[in-house]
Every structure is written in C-alpha cells, then in structure tokens.
Number of protein chains: 4
Amino acid sequence: MFFASDNAGPAHPKVMEALNAANAGYQSGYGADTQMNDVRNMVRNMFDAPQAAVYLTATGTAANSILLATMANPWDTIFCSPMAHIHEDECNAPEFYSGAKLTLVPAENAKMTPDALRAAIEAEQSRGVHGPQRGPVSITQVTEKGTVHTLDELRALTAVAQGFGCKTHLDGARFSNALVALDCTAAEMTWKAGVDTVSFGGTKNGLLGVEACVIFDPDLAWEFELRRKRGGHLFSKHRYLSAQMQAYLTDNLWHDLASAANANCARLAAGLRKYAATEFLFEPEANMIFARLPRRDHKRLLDSGANYYVWDGDPNEGNPDAPLIGRFVCDWSMTDAAIDQFLDVLHG
Amino acid sequence: MFFASDNAGPAHPKVMEALNAANAGYQSGYGADTQMNDVRNMVRNMFDAPQAAVYLTATGTAANSILLATMANPWDTIFCSPMAHIHEDECNAPEFYSGAKLTLVPAENAKMTPDALRAAIEAEQSRGVHGPQRGPVSITQVTEKGTVHTLDELRALTAVAQGFGCKTHLDGARFSNALVALDCTAAEMTWKAGVDTVSFGGTKNGLLGVEACVIFDPDLAWEFELRRKRGGHLFSKHRYLSAQMQAYLTDNLWHDLASAANANCARLAAGLRKYAATEFLFEPEANMIFARLPRRDHKRLLDSGANYYVWDGDPNEGNPDAPLIGRFVCDWSMTDAAIDQFLDVLHG
Amino acid sequence: MFFASDNAGPAHPKVMEALNAANAGYQSGYGADTQMNDVRNMVRNMFDAPQAAVYLTATGTAANSILLATMANPWDTIFCSPMAHIHEDECNAPEFYSGAKLTLVPAENAKMTPDALRAAIEAEQSRGVHGPQRGPVSITQVTEKGTVHTLDELRALTAVAQGFGCKTHLDGARFSNALVALDCTAAEMTWKAGVDTVSFGGTKNGLLGVEACVIFDPDLAWEFELRRKRGGHLFSKHRYLSAQMQAYLTDNLWHDLASAANANCARLAAGLRKYAATEFLFEPEANMIFARLPRRDHKRLLDSGANYYVWDGDPNEGNPDAPLIGRFVCDWSMTDAAIDQFLDVLHG
Amino acid sequence: MFFASDNAGPAHPKVMEALNAANAGYQSGYGADTQMNDVRNMVRNMFDAPQAAVYLTATGTAANSILLATMANPWDTIFCSPMAHIHEDECNAPEFYSGAKLTLVPAENAKMTPDALRAAIEAEQSRGVHGPQRGPVSITQVTEKGTVHTLDELRALTAVAQGFGCKTHLDGARFSNALVALDCTAAEMTWKAGVDTVSFGGTKNGLLGVEACVIFDPDLAWEFELRRKRGGHLFSKHRYLSAQMQAYLTDNLWHDLASAANANCARLAAGLRKYAATEFLFEPEANMIFARLPRRDHKRLLDSGANYYVWDGDPNEGNPDAPLIGRFVCDWSMTDAAIDQFLDVLHG
C-alpha cells in the first residue's frame with residue numbers, strides 16, 4: 001500500500017538484467033559506450049526524429065535544468081505553471097543552470113491555459129531592456145496534479161509560444177504515462193505538437209535513475225553536452241545509464257510499465273469513486289490521484305499501514321469529519337492485492 | 001590490455017549483487033533509504049569520525065564541485081596544482097558551483113610544494129578588495145600523475161593552509177589506491193592530516209558510479225544538501241547509490257579492489273622496467289604509470305590491441321625512435337594474463 | 001510638463017556645486033576619499049545608527065541587487081510584491097547577484113499584506129531540500145504605485161518576516177519622498193520598524209546617480225564590499241559619488257527636494273481631482289500618480305507636449321471616451337507653471 | 001608628487017564644464033539622451049567604424065566584464081597575461097559575468113607572446129568536452145606594467161587568435177596613452193589590427209568615471225545591452241555619462257590629456273634615468289614606470305611626501321641599500337614642478 005511516490009518502487013527485472021549484462025569487460029566512458037549508440041537510434045525511432053540529439057542524465061532535475069539552460073538566455077524568463085516541478089521542487093536548479101527566472105502562468109487543472117500563456121508572454125518584454133526577455137515555455141506532461149494535456153491542448157500552447165518566437169520544453173518525468181493515457185505516438189505528443197525538447201523520464205517508470213533528453217534541433221547538441229559536463233552530470237561509466245534506457249526501449253517496456261501503472265491507478269480510482277465521501281480534485285487520467293477524504297478515513301488508512309501524502313493538514317489532529325487532500329501515486333509494480341487491501345480498509 | 005582508464009572496467013560482482021538485492025520493495029527516496037543509514041555509519045567508522053556528515057553523489061565532478069562550493073565564497077580563489085582534475089577536466093564545474101576561481105600552484109611530481117602553496121596564498125589578498133580572497137586548498141590524492149602524497153607531505157600542505165585560515169579539500173577519486181599505497185588509515189590520511197572534506201571515490205574502484213562526500217565539520221551539512229539538490233545531484237531512487245557504497249564498505253571491499261589495482265600496476269611497472277627503453281616520468285606508486293617509450297613500441301603495442309593514451313604525439317607519424325609518453329592505468333579487474341600479454345608484445 | 005519619470009530632471013545646483021568643489025587635487029580611490037568619511041558619519045547620524053555600514057553605488061539596481069545578495073543564499077527565495085522593481089525592472093539582476101529566486105506576494109495598493117506574506121513564507125520550505133528556502137523580504141517604500149507604507153504597515157510586515165527568521169530589505173529608491181510623506185525619522189522607518197538593510201535613493205531626488213546602501217548589521221559589511229567589487233560597482237574615482245551624497249545630506253537637502261517633489265505631486269493631484277473624469281487608482285501619497293483619464297484627454301495632453309506614460313493602451317487608437325491609465329511622476333525641479341499648464345490643457 | 005595612480009587626480013575642467021552644461025532640463029533616461037547620439041557618432045568616427053555598437057559604463061571592471069561575457073560562453077576559458085587587470089584586480093568579476101575561467105598565458109614585459117598564446121590555445125580543447133573550450137583573448141593596452149604593444153605585436157596576437165576562431169578584446173583602460181605612444185589611429189590599433197571589442201577608457205585620463213565599450217560586430221549589441229542592465233550598469237540619468245564622453249571626444253581632448261600624461265612620465269623617467277641607482281624593470285613607454293631604487297631612496301622620497309606604491313617590501317625595514325620596486329604613474333594633471341620636486345628629493 002505504498003502510494004507516496006512512483007520513485008519508491010523497485011526497478012523492473014528486465015532493467016536489472018540489462019544492467020547485469022552490461023557489467024562485462026571494458027567500455028569507453030562518457031557516452032562512447034556501444035549501448036549508447038543503440039539508445040540513440042532507438043530514441044530517434046521512437047520519436048520518428050532521425051536527426052534528434054539524444055543524451056542521458058541520471059536525474060530529472062538535471063534533465064530539465066540542462067535542457068532549459070540550453071534553450072534560455074540568462075536574461076530571459078521561462079514560462080511555466082505555478083505547480084511546475086521546475087518551480088516548486090528543484091531548489092532553484094533551473095535558475096542556477098540557465099540564469100533565467102521563471103514566470104508563473106495561471107493554470108486550470110495544473111495546465112496553463114493558452115490565454116493565460118499569451119497574456120504572460122505579452123506582458124514580458126514590454127519593458128524593453130528593463131525586464132526579463134521572453135524565454136522558453138515549459139509544459140509538464142503528465143502534470144504535477146495527475147492531469148494530461150490533450151494533443152489539442154499541447155498544440156494550443158505551443159502555437160502561442162511560437163507566435164512569440166518562444167521554444168517549448170516538455171517536462172516528461174511521466175512521459176510514458178501520458179503517452180499511454182493519450183494512446184498516441186511520441187512524435188504526436190512532441191515535435192508534431194510543436195515541442196522542441198523533451199525530458200523523457202525513466203526513473204519514475206521502472207528504471208533505477210535515467211532520463212533521456214531529446215533535442216529535435218541538433219544545433220543545440222554541443223551546447224547541451226558542455227552544459228551537462230559543466231554541471232557534473234556526464235557519467236564516466238556511462239554504460240550503466242545506457243543499459244537501463246536500452247532495456248526501457250526494448251519491446252516498448254516503457255509502454256508496458258506505464259500501462260500497468262495507469263491501470264493500477266484506474267483500479268484505485270474506481271474503488272475510491274465508490275466511496276461516497278471521496279471528492280476528486282482532478283479527474284484521474286494517468287497514475288496520480290488527488291482526492292479529498294474525511295480526516296477519519298485518512299487516519300484509518302495510515303494507521304493500517306498505507307503510505308501516501310496528506311497534502312493540507314494533520315490527519316491526527318482536528319475535526320474527524322473535515323476533509324483533507326490525499327495524493328496517491330501508483331507505479332507499475334503495485335499489485336492488485338495491495339490496492340484492494342487499501343480499498344478494503346477505506347470501505348471498512 | 002585495457003589501460004586507458006580505471007573507469008572502463010566492470011563493477012565488482014559484490015557490488016552488482018548488492019544492487020540486485022536492493023531492488024526489492026518500496027523505499028523512501030532522496031537519501032532516506034535504510035541503506036544510507038548503514039553507509040553513514042560505516043563511513044564514519046572507517047574515518048573514525050563519528051560526527052562527520054556523509055553524502056553520496058554519482059560523479060566525481062559533482063563531489064568535488066559541491067564540496068568546494070560549500071567551502072568557498074564566490075569571491076575566493078581555490079588553490080590547486082596545474083594538473084588538478086578540477087582545473088583540467090571538469091569544464092568549469094567547480095567555478096560554476098562555487099563562483100570562485102582557481103589559482104594554480106606550481107607542483108613537483110604533480111604535488112604542490114608547501115613553499116609554492118605558501119607563496120600563492122600570500123600573493124592573493126594582498127590587493128584587498130580588488131583581488132580574489134583566499135579560499136580552500138584542493139589536493140588530489142592519488143595525483144593525476146599517479147604519485148601519492150606521503151602523510152608528511154599532506155600535513156605540510158594543510159599546515160600552510162591552516163596558517164592562513166584556509167580549509168583543505170581532498171580530491172580522492174583514487175582515495176583507496178592511495179590508502180593502500182601508504183598503508184595507513186582513512187583518518188590518518190584525512191582529518192588527522194588536517195583535511196576538512198573528502199571526495200572518497202568509488203567509481204574508479206569497482207562501483208558503477210558513486211562517490212562519498214565526507215565533511216568533518218557537520219555545520220556545513222545542510223548547505224551541502226541544498227547545493228547538491230540545486231545542482232540536480234540528489235537522487236530520488238537513492239538506494240541504488242547507497243547499495244553500491246554499502247557493498248564497497250562491507251569487509252573493506254574498497255581495500256581489496258585498490259590492492260588488486262595497485263598490484264596490477266606494480267606487475268606492469270616491473271615488466272616495463274625490465275625493458276631498456278622505458279623511462280618513467282614518475283615513480284609509479286599506486287595504479288597509474290606515465291612512461292616514455294619509443295614511438296615504434298607504442299605502435300606495436302597499439303596495433304596488437306592494447307588500449308591506452310599516448311600523451312604527446314601520434315605513434316604512427318614521425319621518427320620511430322623518438323619517445324612518446326604513454327599513460328597506463330590499471331583497475332582491479334585486470335588479469336595477470338592481460339598484463340603479461342602486453343609485456344610480451346613490448347618485449348617482442 | 002515632463003511627468004514621465006523622476007529620473008529625467010536635472011541634478012540640484014548644490015549637488016553640482018559639491019561635485020565641482022570635489023574636483024580638485026588628488027584623492028585616494030575606491031572609497032578611501034575624505035568625503036566618504038563624512039558621508040558615513042552623516043548617514044549614521046541620519047539613521048541614528050552609529051554602527052551601520054554605509055556604502056555607495058551609482059545605480060539603484062546595483063544597490064538592491066548587492067544588498068539582497070549579501071542577505072540571501074543562492075538556494076533561497078526573496079519575498080516581494082508582484083510590482084516590485086526588483087521583479088519587473090531589473091532584468092534578473094537580483095537573481096544574478098544572489099542566485100536566489102523571487103516569490104511574488106499578493107499585494108493591495110502595491111503593498112504586500114501581512115497575511116499574504118505569512119502565507120507565502122509558510123508555503124516555502126514546506127518541501128524541505130526540494131524547494132527554495134526562506135530568504136529575505138524586500139519592501140519598496142514608496143511603492144511602485146506611489147503608495148506609502150505606514151509605520152504600522154512596515155512593522156506588521158517585518159514582524160511576519162522576523163517570525164520566520166527572515167531579514168528585511170527596504171528598496172528606498174524614493175526613500176526621501178516616503179519620509180516626507182510619513183513625517184517620521186529615518187530610524188523610525190527602518191531599523192526601529194524592523195528593517196535590516198536599506199537602499200537609500202538619491203538619483204530620483206536630485207543627484208546625478210548615487211544610492212546609499214545602509215546595513216545595520218556591520219557583520220555583513222565586508223561581504224557587501226566584495227560583492228560590490230565583484231559586480232564592477234566599486235568606483236575608482238569614488239569621491240564623485242561621495243560628494244553628491246555629501247551635498248544631499250548637508251542641511252537635509254534630501255528632505256527639501258522630496259518635499260518639493262511631493263508638493264508638486266499634490267498640486268497636480270488636486271488639479272486632476274477637480275476634473276470630473278479623473279479616476280485615481282491609488283490615493284496619491286508621495287510623488288507619483290496613477291490615474292485613469294478618457295483617451296481623448298490623454299491625446300490632447302500628449303499632443304500639447306506633456307510627457308508621461310500611458311500604461312494600458314494607445315491614446316491615438318480606439319474609443320476616445322474609454323479611459324486609459326496615465327502615470328505621472330513629479331520631481332523636485334518641476335515648476336508650478338508647468339503643472340498649471342498641464343492642468344489648463346486638461347481642463348481645456 | 002602623487003604618483004600612486006592615474007585615477008587619483010581631478011577630472012579635466014572641460015569635462016566638468018560639459019557636465020554642468022548637461023545639467024539642464026529634462027532628458028529621457030537609460031541612454032536615450034541626446035548627448036549619447038553624439039557620442040555614438042563621435043566614437044564611430046574616431047574608430048572609423050560606422051557600424052560599431054557603442055555603449056558607456058562607469059567603471060572599467062564593468063566594461064571589461066560585460067564585453068567578455070558577451071564574447072565568451074560559460075564553458076570557455078579566456079586567454080590573458082598573468083598580470084592582466086581582469087585576472088588580478090577585478091575580484092572575479094569577469095568570471096562572474098561570463099561564467100568562463102581565465103587561462104594565464106606567459107608574457108614578456110607583460111605582453112603575451114604569440115608562441116605562448118598559440119601553445120595555450122592549442123592546449124585547451126584537447127580534452128574535448130572535459131576541459132574548458134577556447135574563448136576570447138584579452139589584451140591589455142597599455143599593459144599593467146606600462147609597456148605598449150606595437151601594432152605588429154597586436155596583429156601577431158590577433159592572428160593567432162583568429163587561427164583558432166577566437167575573438168579578441170582590448171582592455172584599453174589606458175587606450176589613449178597607448179594611441180599617443182604609438183602615434184597611430186584608433187582603427188589601426190583595433191579592428192585593423194584584428195581586435196573585435198574595446199574597453200576605451202576615460203576614467204584614468206581626465207573623466208570622473210566613464211568607459212566606452214566599442215563592439216565592431218553590431219550583432220552583439222543587444223546582448224551587451226541586456227548584460228549591462230542585468231549587471232546593474234545601465235544608468236537612469238545616463239546623460240551624465242554621455243556628457244563626459246562627449247567632452248572627451250570633442251577636439252580630441254583624450255589625445256591632449258594622454259599626451260600630457262605621457263610627457264609627464266617621460267620627464268619623470270628622464271630624471272630617474274639620470275640617477276645612477278635607478279634600474280627600470282621595463283622601458284617606460286606610456287604613463288607608468290616600474291623602477292628599482294635602493295630602499296633608502298624610497299624612504300627619503302616617501303618621507304618627503306611623495307605618494308606611490310612600493311611593490312615588493314617595506315621601505316622602512318631592512319637593508320637600506322637593497323633595491324625595491326616602485327610604481328610611478330603620471331596623469332595629465334601633474335605639474336612639472338611636482339615632478340621636479342620629486343626628482344630633487346631623489347637626487348638629494
């Protein structure tokens with residue numbers, strides 16, 4: 001009953017297998033390993049983007065920050081939602097790497113609206129040299145609230161960005177979960193929808209710790225490489241990153257795992273929905289649920305061993321009838337039994 | 001016959017075993033894993049430093065840069081040798097993280113001399129607010145040329161630093177190889193010798209990619225944590241770093257592996273020494289050799305499949321009798337057979 | 001009829017006189033001039049703060065950015081209003097100097113409310129190492145909308161800050177105008193109200209370009225000096241800054257000039273108030289007015305040679321009856337005649 | 001007898017006159033003043049560079065740092081002499097603005113030699129992504145030791161730079177003194193000699209505090225403007241910078257003042273040369289002398305009220321016959337009488 005985060009579960013056995021298999025003999029370091037050649041080709045195939053530059057980092061913060069630094073000038077501002085991971089959860093890393101600041105764009109269901117984005121971009125640069133300049137837009141897909149931008153929604157946002165000459169970055173820590181939810185191709189959700197760079201996450205979906213950075217304009221490749229090295233994110237024994245990503249891409253393991261995670265979440269959501277006191281903040285679309293439950297329910301669940309975050313209060317203190325928000329995240333490794341056990345406790 | 005780097009070989013089986021064992025069930029992320037508790041205690045025991053703050057990073061550049069940033073102000077200069085990895089091989093990462101600059105201190109056998117260090121520190125700050133201020137000293141042990149500072153040499157350098165109120169960082173990418181070479185304790189080579197922080201390397205000695213950062217003054221701990229996060233170096237699935245370091249520390253695996261590497265290097269050095277044309281640049285002390293050989297020998301070796309760096313020229317072009325410098329690095333995994341095969345080719 | 005900015009008028013004759021007088025003989029550079037000794041003492045007297053560190057910069061952006069960098073860590077966030085000059089008009093300079101980010105606190109009449117400030121500070125740091133940490137609060141006095149915090153309002157904000165251990169910076173580009181408006185002492189408006197550092201502006205009030213940085217905790221002095229130099233803001237011929245500030249402080253010239261500017265603004269406001277179509281956005285309190293007037297009035301005024309900013313539209317295009325916001329700023333040098341001429345055009 | 005620095009004397013009366021004249025009426029701020037239009041044209045004429053971008057800063061450190069930041073990437077290294085002001089006297093400002101590091105190139109008479117520059121540039125980038133990349137070259141003219149690069153020497157250095165695709169910056173804090181010494185045109189000493197950007201100093205030659213930044217490639221103009229603003233170096237009352245530079249350029253005042261300074265220095269050098277114990281470190285070529293004199297002479301001179309720096313020891317302690325290095329700088333305002341008084345004391 002571990003719903004606290006999708007970074008808490010184990011890596012998938014096939015990933016471990018690949019890692020073990022990679023651990024033989026000598027390999028050149030720093031990305032010159034043979035596995036990385038495969039990875040590069042597999043990512044290009046997956047995204048239908050034969051020219052794309054493809055790099056690996058070991059953390060999502062690194063992927064986001066280095067990509068954004070490659071896209072933004074130090075005097076720019078980056079547009080994102082107020083719930084964006086790059087704003088709330090990366091301890092100034094995007095600003096550190098890029099020198100730019102962030103402009104928070106009002107969002108509905110954690111998705112920036114095109115009108116709000118247009119207004120925010122218009123407002124910047126009206127002050128000439130005095131204010132920050134218009135930098136890239138960063139969209140999180142799946143959002144931090146578990147919602148998923150439709151392809152139309154993505155295109156509407158990138159169209160606004162392009163109208164101002166701004167590039168778009170996709171923070172895809174849960175990229176695969178979104179792809180599964182939308183049942184579309186990686187190309188459709190990225191460059192065909194106007195996205196310029198992607199943090200294609202693996203860590204939250206069955207890897208030990210690897211994200212692929214996909215840059216559709218290969219002219220930015222060398223700058224990315226230098227920024228990655230300057231940030232201390234170029235691995236000497238790079239094959240161990242490559243091997244994970246290789247396994248992830250082989251036979252679309254990423255798709256299987258994201259499908260499993262989303263299905264687990266749907267099972268959990270269905271069970272919650274049957275409980276009269278449940279109030280969803282957002283309609284669950286991928287592998288993350290925000291739902292209000294009475295404090296007494298939280299207390300019972302947590303006391304029974306469930307592990308998840310209560311967002312806005314202490315389940316043990318206060319009015320037992322008052323609702324508190326719980327965040328429930330499902331990864332691929334969760335069992336039906338664990339979910340049902342949780343629901344059994346809830347339903348009493 | 002792979003002597004190009006000690007980051008090219010595989011991880012040790014016990015490390016892989018530990019990694020596989022760690023891949024079960026749920027664990028809290030970001031360093032709150034149970035393995036990390038063990039690691040912290042084991043490092044403190046190893047260093048006989050019960051108060052030390054202990055953190056893990058996945059690359060050596062991250063370890064060095066974040067430690068130095070925690071020790072230096074943005075208006076400082078950091079003192080190091082001209083061959084220091086932080087100067088030559090980290091693409092401005094130490095400067096990026098700290099804001100400080102580097103002052104290169106003349107070195108013999110890649111070791112700063114106390115007199116040169118004193119002169120360099122004295123020269124800084126003579127200009128008051130106009131010049132950079134005196135920041136920490138960074139010593140590499142094993143040096144980038146394969147030499148090892150004796151404990152007396154270390155103490156002489158840290159004594160100079162302390163005389164000016166400067167702290168000392170030890171870049172120990174090959175910390176274990178040095179410990180084995182000196183046959184001393186970790187405490188003797190660090191805080192007892194006046195060292196304040198240590199990058200205790202694992203990547204070059206049998207891990208997939210983990211370095212321990214050891215900070216003897218726990219007051220710096222929180223700043224280190226924030227700088228690590230801000231640099232994108234805090235791992236969500238941190239247990240996979242912990243597990244590697246745990247295996248490394250268990251039954252002193254680090255010592256066995258470094259002993260093996262140093263022994264391999266000694267075997268290679270002995271064989272090279274028997275070859276009349278060999279000229280060592282530095283007396284090999286740990287696991288790295290710099291030696292001059294006639295160009296014709298390099299060509300023969302490389303043609304036969306040996307893999308190593310020729311430092312100062314092209315083996316295939318120019319006077320076949322003219323000597324060129326080869327760098328030969330041995331890791332723990334090298335076999336006697338491979339070394340002997342290399343020597344056989346050399347001796348013809 | 002130049003109401004565009006209080007940085008557009010001339011310097012006061014007494015300031016020029018002092019500058020000319022300072023232009024004789026040799027003086028040591030970089031702040032070691034004799035005038036600076038006087039300035040330091042005069043500022044300390046003015047603020048009743050005998051221990052305060054006092055420095056000069058030539059621009060307000062430098063004063064704000066260097067002070068904030070001295071108060072904030074690179075992993076912090078600085079709390080300010082959404083209209084703050086440090087957010088809107090300094091092209092990322094505060095972020096550049098400090099490494100910190102800015103958190104925008106909801107404001108009424110351009111003044112952060114204590115409740116909003118408390119909520120904003122509470123919200124940060126709830127994410128531990130993941131989010132930015134709580135840094136200083138920056139209050140603008142006079143605000144960018146021409147309003148003035150009362151002493152009670154200032155104290156309420158600094159009390160919130162202190163409750164979280166946060167320091168407070170006062171951006172006083174129009175410090176003198178606020179002092180005159182409140183009819184209080186510099187001490188009352190700063191350290192007695194819980195303020196830790198002050199950008200005490202001179203440029204907008206009769207100097208050519210000098211701001212005094214006042215730091216009540218002298219322990220921060222040396223860091224400020226180093227940051228100023230590292231930013232390129234330490235003047236070799238510093239006496240020309242000192243002489244301006246010396247004249248500004250002599251016989252309270254700053255007070256006379258701010259009184260004149262505020263009186264000019266009051267005259268303008270009174271005249272605007274008599275015009276039926278005028279709608280003030282904020283009650284004018286110092287030397288700046290934001291007022292709505294029908295587009296036709298703006299057009300007539302601008303055509304007649306008035307110089308000021310129309311904030312939200314083009315006076316020449318659109319419905320002539322629709323109101324647009326004008327910003328009118330008065331400096332000390334404005335004549336009654338110019339103001340009356342403007343009002344005559346307005347009233348037709 | 002004030003030879004400590006050329007930033008210690010007064011501004012020229014014509015400059016003060018222009019400043020006073022500029023102090024009338026309203027002017028738009030931030031470089032939109034009418035004087036700046038004149039300045040731009042006059043600088044373009046002076047440099048025979050009709051397309052050049054021209055900006056003003058108030059300090060030399062700002063000019064150098066912002067220009068270098070506009071030319072260098074954060075992962076680059078900037079090549080300069082070990083005596084360069086940007087290395088020794090700007091407290092990490094060039095690194096702060098650019099993110100780049102500095103590579104010190106061996107120099108003779110404070111001038112980098114072409115061979116040493118070639119070797120230094122060649123050495124960088126040999127490590128691919130691991131080391132810093134090749135950034136701009138910065139040449140100081142007049143050097144910090146008072147020597148002047150001939151046009152041939154300049155061309156030889158820029159030719160090396162161009163051979164590697166590197167741009168060249170000229171730190172011309174004493175640009176005018178060099179021009180007078182070489183008796184050439186500004187174009188000949190800059191773009192015709194392969195220089196890309198220039199810090200054209202005014203502060204050390206009769207202004208209160210203004211340097212012109214000249215950028216021959218106008219494509220860099222906007223980035224310079226943004227970096228200047230982001231550094232807090234854009235002046236609101238910019239006309240007071242413009243007016244100084246305008247006076248400086250009118251009737252070649254800069255040339256008259258530099259001629260006077262150099263003549264003063266020649267008079268001083270001639271007198272020193274007649275004194276048997278004098279030993280020049282470098283042949284004086286512009287307005288700065290480094291000369292060894294016995295300690296007893298320094299003591300006598302300083303006791304008699306002469307003001308200058310003794311570089312390498314305390315004149316009051318030690319062997320009175322032992323020579324110490326004095327630095328003597330002459331500005332335009334020095335009188336023959338003061339120089340002769342100094343020489344009289346020396347000659348006893």
# chains A, B, ... in the order shown; residues from 1 in each chain; ligands from 1
call {"tool": "residues_around", "arguments": {"residues": "region 235-251 of chain A", "least_positions_apart": "2", "cutoff": "7 Å", "atoms": "only C-alpha atoms", "output": "list in words"}}
result
Lys14, Val15, Ala18, Leu19, Ala22, Gly29, Tyr30, Gly31, Asp33, Gln35, Met36, Val39, Met42, Leu207, Val210, His233, Leu253 and Trp254 of chain A; Asn7, Ala8, Thr59, Leu208 and Gly209 of chain B
call {"tool": "select_by_dssp", "arguments": {"residues": "region 39-277 of chain C", "states": "alpha helix (DSSP H)", "output": "number ranges by chain"}}
result
C: 39-46, 60-71, 85-88, 93-98, 114-123, 151-163, 175-182, 186-189, 221-230, 239-249, 253-273
call {"tool": "closest_atom_pairs", "arguments": {"of": "chain D", "to": "chain C", "cutoff": "6 Å", "atoms": "only C-alpha atoms", "output": "Markdown table"}}
result
| residue | atom | partner | partner_atom | distance |
| --- | --- | --- | --- | --- |
| D:Ala8 | CA | C:Tyr26 | CA | 5.1 |
| D:Gly9 | CA | C:Tyr26 | CA | 4.5 |
| D:Pro10 | CA | C:Asn23 | CA | 5.1 |
| D:Asn23 | CA | C:Pro10 | CA | 5.1 |
| D:Ala24 | CA | C:Pro10 | CA | 5.5 |
| D:Gly25 | CA | C:Gly9 | CA | 5.9 |
| D:Tyr26 | CA | C:Gly9 | CA | 4.6 |
| D:Gln27 | CA | C:Ala8 | CA | 5.1 |
| D:Ser28 | CA | C:Ala8 | CA | 5.7 |
| D:Thr61 | CA | C:Gly232 | CA | 5.0 |
| D:Ala62 | CA | C:Gly232 | CA | 4.8 |
| D:Cys91 | CA | C:Arg230 | CA | 5.1 |
| D:Asn92 | CA | C:Arg230 | CA | 5.7 |
| D:Ala93 | CA | C:Arg230 | CA | 4.5 |
| D:Arg230 | CA | C:Ala93 | CA | 4.5 |
| D:Gly231 | CA | C:Ala93 | CA | 5.8 |
| D:Gly232 | CA | C:Ala62 | CA | 4.8 |
call {"tool": "write_last_selection", "arguments": {"atoms": "C-alpha atoms", "output": "PDB file, in the first residue's frame"}}
result
ATOM      1  CA  ALA D   8      43.625  59.899  -8.167  1.00  0.00           C
ATOM      2  CA  GLY D   9      43.751  63.235  -9.941  1.00  0.00           C
ATOM      3  CA  PRO D  10      40.864  65.511 -10.837  1.00  0.00           C
ATOM      4  CA  ASN D  23      22.523  69.593 -16.100  1.00  0.00           C
ATOM      5  CA  ALA D  24      19.591  71.475 -17.558  1.00  0.00           C
ATOM      6  CA  GLY D  25      16.063  70.482 -18.324  1.00  0.00           C
ATOM      7  CA  TYR D  26      14.589  67.021 -18.861  1.00  0.00           C
ATOM      8  CA  GLN D  27      16.147  64.183 -20.752  1.00  0.00           C
ATOM      9  CA  SER D  28      14.977  60.645 -21.327  1.00  0.00           C
ATOM     10  CA  THR D  61      35.668  46.432 -14.491  1.00  0.00           C
ATOM     11  CA  ALA D  62      32.128  46.720 -15.810  1.00  0.00           C
ATOM     12  CA  CYS D  91      37.730  40.181  -7.777  1.00  0.00           C
ATOM     13  CA  ASN D  92      36.321  37.523 -10.116  1.00  0.00           C
ATOM     14  CA  ALA D  93      34.067  39.978 -11.976  1.00  0.00           C
ATOM     15  CA  ARG D 230      21.370  42.671 -15.703  1.00  0.00           C
ATOM     16  CA  GLY D 231      24.605  43.760 -14.069  1.00  0.00           C
ATOM     17  CA  GLY D 232      23.020  46.963 -12.766  1.00  0.00           C
TER      18      GLY D 232
END
call {"tool": "atom_distance", "arguments": {"atom1": "CA of Ala291 (chain C)", "atom2": "CA of Arg327 (chain C)"}}
result
6.7 Å
call {"tool": "atom_distance", "arguments": {"atom1": "CA of Ala156 (chain D)", "atom2": "CA of Pro114 (chain D)"}}
result
6.2 Å
call {"tool": "atom_distance", "arguments": {"atom1": "CA of Thr70 (chain B)", "atom2": "CA of His85 (chain D)"}}
result
27.6 Å
